[in-house]
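Student: To be precise about what I am sending: the file is called query.txt and holds compact mmCIF, N, CA and C atoms.
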# COMPACT_ATOMS: atom_id res chain seq x y z
N MET A 1 55.57 158.20 33.23
CA MET A 1 54.85 158.96 34.22
C MET A 1 53.65 158.13 34.67
N ASN A 2 53.59 157.90 35.94
CA ASN A 2 52.48 157.12 36.49
C ASN A 2 51.27 158.00 36.71
N VAL A 3 50.10 157.44 36.45
CA VAL A 3 48.86 158.15 36.68
C VAL A 3 48.18 157.51 37.88
N GLU A 4 47.83 158.33 38.83
CA GLU A 4 47.18 157.80 40.03
C GLU A 4 45.68 157.68 39.79
N SER A 5 45.11 156.54 40.12
CA SER A 5 43.69 156.34 39.95
C SER A 5 43.15 155.56 41.15
N TRP A 6 41.92 155.88 41.52
CA TRP A 6 41.29 155.16 42.62
C TRP A 6 40.47 154.00 42.09
N ILE A 7 40.44 153.83 40.79
CA ILE A 7 39.69 152.72 40.18
C ILE A 7 40.67 151.57 39.96
N THR A 8 40.28 150.42 40.43
CA THR A 8 41.13 149.25 40.22
C THR A 8 40.81 148.62 38.88
N VAL A 9 41.71 147.80 38.41
CA VAL A 9 41.51 147.12 37.14
C VAL A 9 40.26 146.23 37.20
N GLU A 10 40.00 145.64 38.34
CA GLU A 10 38.83 144.76 38.50
C GLU A 10 37.51 145.55 38.43
N GLU A 11 37.52 146.79 38.85
CA GLU A 11 36.30 147.62 38.86
C GLU A 11 35.96 148.20 37.48
N THR A 12 36.91 148.27 36.59
CA THR A 12 36.74 148.95 35.32
C THR A 12 35.55 148.45 34.50
N PRO A 13 35.39 147.13 34.27
CA PRO A 13 34.26 146.68 33.44
C PRO A 13 32.90 147.07 34.03
N ALA A 14 32.74 146.95 35.34
CA ALA A 14 31.46 147.28 35.97
C ALA A 14 31.18 148.78 35.88
N LEU A 15 32.19 149.60 36.08
CA LEU A 15 32.01 151.05 35.99
C LEU A 15 31.74 151.47 34.54
N ALA A 16 32.40 150.82 33.60
CA ALA A 16 32.15 151.13 32.19
C ALA A 16 30.72 150.78 31.81
N GLN A 17 30.23 149.63 32.29
CA GLN A 17 28.86 149.23 32.01
C GLN A 17 27.86 150.20 32.64
N ALA A 18 28.11 150.65 33.85
CA ALA A 18 27.23 151.61 34.52
C ALA A 18 27.21 152.95 33.75
N ALA A 19 28.37 153.37 33.29
CA ALA A 19 28.45 154.61 32.52
C ALA A 19 27.69 154.47 31.20
N ARG A 20 27.85 153.33 30.54
CA ARG A 20 27.15 153.08 29.28
C ARG A 20 25.64 153.11 29.49
N GLU A 21 25.16 152.51 30.56
CA GLU A 21 23.73 152.49 30.85
C GLU A 21 23.20 153.89 31.15
N ALA A 22 23.98 154.68 31.89
CA ALA A 22 23.56 156.06 32.19
C ALA A 22 23.48 156.90 30.92
N ILE A 23 24.46 156.74 30.05
CA ILE A 23 24.46 157.49 28.79
C ILE A 23 23.30 157.05 27.92
N ASP A 24 23.11 155.74 27.80
CA ASP A 24 22.01 155.23 26.97
C ASP A 24 20.65 155.67 27.49
N ALA A 25 20.49 155.73 28.82
CA ALA A 25 19.21 156.17 29.40
C ALA A 25 18.94 157.63 29.03
N ARG A 26 19.95 158.45 29.09
CA ARG A 26 19.77 159.86 28.76
C ARG A 26 19.55 160.04 27.25
N LEU A 27 20.29 159.28 26.45
CA LEU A 27 20.16 159.40 25.00
C LEU A 27 18.84 158.85 24.49
N ALA A 28 18.19 157.98 25.27
CA ALA A 28 16.90 157.44 24.87
C ALA A 28 15.85 158.55 24.78
N LEU A 29 16.09 159.67 25.47
CA LEU A 29 15.17 160.80 25.43
C LEU A 29 15.30 161.62 24.15
N LEU A 30 16.38 161.38 23.40
CA LEU A 30 16.64 162.17 22.20
C LEU A 30 16.11 161.47 20.95
N SER A 31 15.95 162.24 19.89
CA SER A 31 15.57 161.66 18.60
C SER A 31 16.79 160.95 18.00
N ASP A 32 16.54 160.14 17.00
CA ASP A 32 17.66 159.44 16.34
C ASP A 32 18.68 160.42 15.78
N THR A 33 18.20 161.51 15.21
CA THR A 33 19.10 162.52 14.63
C THR A 33 19.98 163.15 15.70
N ASP A 34 19.36 163.50 16.84
CA ASP A 34 20.12 164.11 17.93
C ASP A 34 21.12 163.12 18.53
N ARG A 35 20.72 161.87 18.63
CA ARG A 35 21.60 160.84 19.17
C ARG A 35 22.81 160.64 18.24
N ASP A 36 22.54 160.61 16.93
CA ASP A 36 23.64 160.47 15.97
C ASP A 36 24.58 161.67 16.04
N ALA A 37 24.01 162.85 16.20
CA ALA A 37 24.83 164.06 16.31
C ALA A 37 25.70 164.01 17.57
N PHE A 38 25.13 163.50 18.67
CA PHE A 38 25.89 163.37 19.91
C PHE A 38 27.09 162.46 19.72
N TRP A 39 26.84 161.27 19.15
CA TRP A 39 27.94 160.32 18.97
C TRP A 39 28.95 160.84 17.95
N ALA A 40 28.49 161.57 16.95
CA ALA A 40 29.42 162.16 15.98
C ALA A 40 30.35 163.16 16.67
N SER A 41 29.79 163.95 17.59
CA SER A 41 30.62 164.92 18.31
C SER A 41 31.62 164.21 19.23
N ILE A 42 31.20 163.10 19.84
CA ILE A 42 32.12 162.33 20.69
C ILE A 42 33.26 161.76 19.85
N ARG A 43 32.91 161.18 18.70
CA ARG A 43 33.96 160.63 17.83
C ARG A 43 34.90 161.73 17.38
N LYS A 44 34.36 162.90 17.04
CA LYS A 44 35.20 164.02 16.61
C LYS A 44 36.13 164.44 17.75
N ALA A 45 35.59 164.51 18.95
CA ALA A 45 36.41 164.94 20.09
C ALA A 45 37.56 163.97 20.35
N TYR A 46 37.30 162.69 20.24
CA TYR A 46 38.35 161.71 20.52
C TYR A 46 39.31 161.54 19.37
N ASN A 47 38.91 161.90 18.17
CA ASN A 47 39.79 161.74 17.02
C ASN A 47 40.49 163.03 16.63
N THR A 48 40.23 164.12 17.36
CA THR A 48 40.86 165.40 17.06
C THR A 48 42.11 165.54 17.92
N PRO A 49 43.24 165.88 17.30
CA PRO A 49 44.44 166.08 18.10
C PRO A 49 44.29 167.32 18.99
N TYR A 50 45.12 167.38 20.02
CA TYR A 50 45.04 168.50 20.95
C TYR A 50 45.41 169.81 20.29
N ASN A 51 46.37 169.78 19.41
CA ASN A 51 46.80 171.01 18.73
C ASN A 51 46.14 171.09 17.37
N ASP A 52 45.77 172.28 16.97
CA ASP A 52 45.18 172.47 15.65
C ASP A 52 46.21 172.08 14.60
N PRO A 53 45.75 171.51 13.50
CA PRO A 53 46.71 171.15 12.45
C PRO A 53 47.34 172.40 11.86
N VAL A 54 48.58 172.24 11.40
CA VAL A 54 49.29 173.36 10.79
C VAL A 54 48.64 173.64 9.45
N LYS A 55 48.22 174.88 9.27
CA LYS A 55 47.56 175.25 8.03
C LYS A 55 48.61 175.54 6.97
N LYS A 56 48.35 175.04 5.77
CA LYS A 56 49.24 175.32 4.66
C LYS A 56 48.95 176.73 4.16
N PRO A 57 50.00 177.45 3.78
CA PRO A 57 49.75 178.80 3.25
C PRO A 57 48.96 178.72 1.95
N ALA A 58 48.13 179.68 1.74
CA ALA A 58 47.31 179.72 0.53
C ALA A 58 48.21 179.91 -0.69
N ALA A 59 47.79 179.30 -1.77
CA ALA A 59 48.56 179.44 -3.01
C ALA A 59 48.51 180.90 -3.46
N PRO A 60 49.64 181.42 -3.91
CA PRO A 60 49.64 182.82 -4.34
C PRO A 60 48.72 183.01 -5.55
N GLN A 61 47.98 184.09 -5.50
CA GLN A 61 47.07 184.41 -6.60
C GLN A 61 47.84 185.16 -7.67
N PRO A 62 47.57 184.85 -8.93
CA PRO A 62 48.28 185.58 -9.99
C PRO A 62 47.91 187.05 -9.97
N ILE A 63 48.91 187.88 -10.20
CA ILE A 63 48.69 189.33 -10.20
C ILE A 63 48.45 189.78 -11.63
N GLU A 64 47.33 190.41 -11.82
CA GLU A 64 47.01 190.92 -13.15
C GLU A 64 47.65 192.29 -13.33
N PRO A 65 48.25 192.53 -14.49
CA PRO A 65 48.86 193.84 -14.69
C PRO A 65 47.79 194.93 -14.74
N ALA A 66 48.16 196.08 -14.25
CA ALA A 66 47.23 197.21 -14.26
C ALA A 66 46.99 197.65 -15.70
N PRO A 67 45.78 198.09 -15.98
CA PRO A 67 45.51 198.53 -17.35
C PRO A 67 46.32 199.79 -17.68
N VAL A 68 46.71 199.88 -18.91
CA VAL A 68 47.49 201.04 -19.37
C VAL A 68 46.52 202.19 -19.63
N VAL A 69 46.80 203.31 -19.00
CA VAL A 69 45.96 204.48 -19.18
C VAL A 69 46.78 205.52 -19.94
N GLU A 70 46.22 205.97 -21.03
CA GLU A 70 46.91 206.98 -21.82
C GLU A 70 46.30 208.34 -21.50
N LEU A 71 47.14 209.25 -21.10
CA LEU A 71 46.68 210.58 -20.73
C LEU A 71 46.91 211.52 -21.90
N VAL A 72 45.85 212.11 -22.36
CA VAL A 72 45.94 213.04 -23.49
C VAL A 72 45.62 214.43 -22.98
N LEU A 73 46.57 215.32 -23.13
CA LEU A 73 46.37 216.71 -22.71
C LEU A 73 46.12 217.58 -23.94
N PRO A 74 45.23 218.53 -23.80
CA PRO A 74 45.02 219.41 -24.95
C PRO A 74 46.24 220.30 -25.16
N GLU A 75 46.52 220.59 -26.38
CA GLU A 75 47.66 221.46 -26.68
C GLU A 75 47.22 222.92 -26.51
N ILE A 76 47.95 223.62 -25.67
CA ILE A 76 47.64 225.02 -25.41
C ILE A 76 48.88 225.84 -25.73
N GLU A 77 48.69 226.87 -26.49
CA GLU A 77 49.79 227.77 -26.84
C GLU A 77 49.91 228.82 -25.74
N LEU A 78 51.00 228.82 -25.01
CA LEU A 78 51.23 229.83 -23.99
C LEU A 78 52.51 230.58 -24.32
N PRO A 79 52.46 231.85 -24.09
CA PRO A 79 53.71 232.58 -24.30
C PRO A 79 54.72 232.22 -23.21
N VAL A 80 55.97 232.29 -23.55
CA VAL A 80 57.04 231.93 -22.62
C VAL A 80 56.95 232.77 -21.36
N ALA A 81 56.53 233.99 -21.45
CA ALA A 81 56.44 234.87 -20.29
C ALA A 81 55.40 234.36 -19.31
N ALA A 82 54.29 233.81 -19.80
CA ALA A 82 53.24 233.30 -18.92
C ALA A 82 53.73 232.09 -18.15
N ILE A 83 54.50 231.24 -18.81
CA ILE A 83 55.05 230.04 -18.14
C ILE A 83 56.02 230.48 -17.05
N ALA A 84 56.88 231.42 -17.34
CA ALA A 84 57.85 231.91 -16.36
C ALA A 84 57.13 232.59 -15.21
N SER A 85 56.07 233.32 -15.50
CA SER A 85 55.32 234.00 -14.48
C SER A 85 54.65 233.01 -13.54
N ALA A 86 54.09 231.94 -14.07
CA ALA A 86 53.44 230.92 -13.25
C ALA A 86 54.45 230.23 -12.34
N ALA A 87 55.63 229.93 -12.88
CA ALA A 87 56.67 229.28 -12.09
C ALA A 87 57.13 230.20 -10.98
N LEU A 88 57.27 231.49 -11.28
CA LEU A 88 57.72 232.45 -10.27
C LEU A 88 56.67 232.58 -9.16
N ALA A 89 55.38 232.61 -9.54
CA ALA A 89 54.32 232.73 -8.54
C ALA A 89 54.32 231.51 -7.61
N ALA A 90 54.54 230.34 -8.16
CA ALA A 90 54.58 229.13 -7.34
C ALA A 90 55.77 229.17 -6.38
N GLU A 91 56.89 229.70 -6.84
CA GLU A 91 58.06 229.82 -5.99
C GLU A 91 57.81 230.78 -4.84
N ILE A 92 57.14 231.91 -5.15
CA ILE A 92 56.86 232.92 -4.13
C ILE A 92 55.94 232.34 -3.06
N ARG A 93 54.92 231.58 -3.48
CA ARG A 93 53.98 230.97 -2.50
C ARG A 93 54.69 229.94 -1.63
N ALA A 94 55.62 229.23 -2.18
CA ALA A 94 56.33 228.21 -1.42
C ALA A 94 57.25 228.83 -0.37
N ALA A 95 57.69 230.04 -0.63
CA ALA A 95 58.62 230.69 0.29
C ALA A 95 57.95 231.26 1.46
Can you give me the file's structure in the form of structure tokens?
Tutor:
Amino acid sequence: MNVESWITVEETPALAQAAREAIDARLALLSDTDRDAFWASIRKAYNTPYNDPVKKPAAPQPIEPAPVVELVLPEIELPVAAIASAALAAEIRAA
């Protein structure tokens, strides 16, 4: 695929030098730290691929077993008639 450009091969060095001078003039206004941060961002931009890297899935975390809970109910003596009566009442309410 051909790329159309209005810059000729002969013009490239002079235009690159003019661009470098313009950038250096603007960066001269910055502190050394800010200038380093600028160039670091430029290097990052040119060295970063267009697509985000494929992220590896996280390693599965071990599953801890749930603690054993022992349920202790008090012993209650109920007559058989009371148990039948409670079951019948629950049936009537459900109906």
Student: So the first atom is atom CA of Leu27 of chain A and the second is atom CA of Trp39 of chain A; what is the distance between them in Å, to one decimal place?
Tutor: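 Those two atoms sit 9.9 Å apart.
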Student: Work out how far apart atom CA of Ala45 of chain A and atom CA of Thr8 of chain A are and give it in Å to one decimal.
Tutor: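 Separation of atom CA of Ala45 of chain A and atom CA of Thr8 of chain A: 26.0 Å.
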Student: What does the structure give for the distance between atom N of Ala14 of chain A and atom N of Ala37 of chain A, in Å to one decimal?
Tutor: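 For atom N of Ala14 of chain A relative to atom N of Ala37 of chain A, the distance reads 26.4 Å.
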